[in-house]
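J.: This is the structure, below, for whatever I ask next.
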Amino acid sequence: MKTLVTAMFILALPVLAHAQAAESNGGLPLAVENVSAATFTPLLDPEAGVWNDAPESMPHFNRTPPLYVGDATDTGERPEVHVRLLGTGEGSLVLRARWADAEKDLAAGGTRYPDSGDKHIYKEHSEQIAAFADAFCVMVPVKRGPQSPYPAMMMGEKGDPVELYYWRAGLGLQLLSGHGRASTTATTKSVPGRAVYANGAWTVTLPMPKVTPGTPLCFAVWEGHREQRDGLKYFSLWYEAK
């Protein structure tokens with residue numbers, strides 16, 4: 001898992017990221033519908049009626065260049081990710097993201113086999129090593145609220161760390177932390193969420209505590225059937241929850 005997200009937010013366009021930060025008082029907003037909810041639980045239902053009234057945003061996605069020999073070239077296709085945000089009375093957000101995906105690609109996981117090697121290695125062997133899972137991630141600064149410049153998109157930096165709400169098909173949702181390239185680690189915090197594949201599309205819902213107005217968010221999508229993994233993915237620049 002750590003390897004998969006190590007290069008998650010490789011930034012190919014640092015100039016654009018800082019230009020976007022300069023527009024932080026009105027550029028690239030993500031609309032939020034405020035609702036009254038005692039808990040996150042009913043809002044995590046992707047088909048809950050409350051989502052129908054939430055305004056929809058469609059962040060623009062870039063694609064990282066090929067990283068490995070034999071990687072597919074960029075066809076120019078981009079996922080159309082429909083993002084809706086609900087704000088709760090306690091100043092937190094629940095996010096719903098929906099995007100079309102031609103194939104449902106789940107993480108293969110691993111299986112234990114008898115092995116004559118040392119006991120501390122070879123405990124679990126990867127299966128289907130040429131198959132990759134669909135995935136989705138939201139990155140948000142640990143420091144909430146308006147800010148300029150934004151944290152580095154390469155998983156934050158030492159003075160400006162980030163949280164990553166990372167979902168991987170077949171494995172579920174987890175909260176990661178990062179403070180720079182190759183710093184991504186799993187936390188012990190559990191994150192409730194839902195993921196549904198239906199009618200050729202994924203829908204993922206997840207909560208993000210204490211995301212106050214003006215907090216920047218950025219997104220990433222991996223399509224397994226395109227052999228996307230590690231830093232090879234679609235990614236957005238920073239947007240702001242309004």
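Labels for the structure tokens follow display order: chains A, B, ..., residues from 1 in each chain, ligands from 1.
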Determine, counting only C-alpha atoms, which protein, DNA and RNA residues have an atom within 10 Å of an atom of Val81 of chain A; residues of the same chain fewer than 4 positions away are not included. Present the result as number ranges by chain.

T.: A: 56-61, 96-100, 202-203, 219-221

J.: Output the selection as a PDB file, in the first residue's frame - C-alpha atoms for each residue.

T.:
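Everything below was put into out_37.pdb:
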```
ATOM      1  CA  GLU A  56     -22.218  19.462  -8.450  1.00  0.00           C
ATOM      2  CA  SER A  57     -18.639  20.367  -9.358  1.00  0.00           C
ATOM      3  CA  MET A  58     -16.426  18.736 -11.975  1.00  0.00           C
ATOM      4  CA  PRO A  59     -12.718  19.283 -11.251  1.00  0.00           C
ATOM      5  CA  HIS A  60     -10.358  19.224 -14.211  1.00  0.00           C
ATOM      6  CA  PHE A  61      -7.924  16.309 -14.263  1.00  0.00           C
ATOM      7  CA  ARG A  96     -19.570  12.029  -2.882  1.00  0.00           C
ATOM      8  CA  ALA A  97     -17.552  11.388  -6.040  1.00  0.00           C
ATOM      9  CA  ARG A  98     -18.973   9.566  -9.067  1.00  0.00           C
ATOM     10  CA  TRP A  99     -17.188   8.758 -12.323  1.00  0.00           C
ATOM     11  CA  ALA A 100     -17.650   6.375 -15.231  1.00  0.00           C
ATOM     12  CA  TRP A 202     -17.994   4.089  -9.288  1.00  0.00           C
ATOM     13  CA  THR A 203     -19.559   6.133  -6.502  1.00  0.00           C
ATOM     14  CA  PHE A 219      -8.174  14.687  -6.134  1.00  0.00           C
ATOM     15  CA  ALA A 220      -6.681  11.652  -7.857  1.00  0.00           C
ATOM     16  CA  VAL A 221      -8.209   8.744  -9.790  1.00  0.00           C
TER      17      VAL A 221
END
```

J.: What parts of segment 10-235 of chain A does DSSP call alpha helix (DSSP H)? I'd like the answer as JSON, numbers by chain.

T.: {"A": [14, 15, 16, 17, 18, 19, 20, 21, 22]}

J.: Store the residues picked out above in a file with C-alpha atoms, as a compact mmCIF listing (two decimals), in the first residue's frame.

T.:
```
# COMPACT_ATOMS: atom_id res chain seq x y z
CA PRO A 14 4.36 23.64 -10.06
CA VAL A 15 3.90 27.02 -11.69
CA LEU A 16 0.20 26.34 -12.22
CA ALA A 17 -0.23 25.27 -8.61
CA HIS A 18 1.17 28.54 -7.30
CA ALA A 19 -0.80 30.53 -9.84
CA GLN A 20 -3.91 28.82 -8.53
CA ALA A 21 -2.98 29.75 -4.98
CA ALA A 22 -2.84 33.38 -6.04
```

J.: From the list A:Gly89, A:Glu103, A:Asn52, A:Arg78, which residue is nearest Ala201 of chain A when using only C-alpha atoms?

T.: A:Glu103

J.: If DSSP is run on the backbone, what residues of segment 2-239 of chain A are strand (DSSP E or B)? A reply as a ChimeraX atom specification would be ideal.

T.: /A:29-30,33-34,56-57,62-63,82-87,93-100,110-111,125-126,135-141,157,160,162-168,172-178,185-186,194-198,201-208,216-222,234-235,239

J.: Report as a PyMOL selection string all protein, DNA and RNA residues lying within 6 Å of segment 223-239 of chain A, evaluated on only C-alpha atoms, omitting residues in the same chain fewer than 2 positions from it.

T.: chain A and resi 4-5+7-8+28-29+60-64+105+132-134+216-221

J.: Report as a PyMOL selection string all protein, DNA and RNA residues lying within 8 Å of segment 173-187 of chain A, evaluated on only C-alpha atoms, omitting residues in the same chain fewer than 2 positions from it.

T.: chain A and resi 2+5-7+152+154-168+171+189-193

J.: If you measure from atom CA of Glu80 of chain A to atom CA of Ser92 of chain A, what distance in Å do you get, rounded to one decimal?

T.: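 Taking atom CA of Glu80 of chain A as the start and atom CA of Ser92 of chain A as the end point, the length is 24.9 Å.
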
J.: Near Val35 of chain A, within 7 Å and counting only C-alpha atoms, which residues show up once chain neighbours fewer than 3 positions away are dropped, as a PyMOL selection string?

T.: chain A and resi 86-89
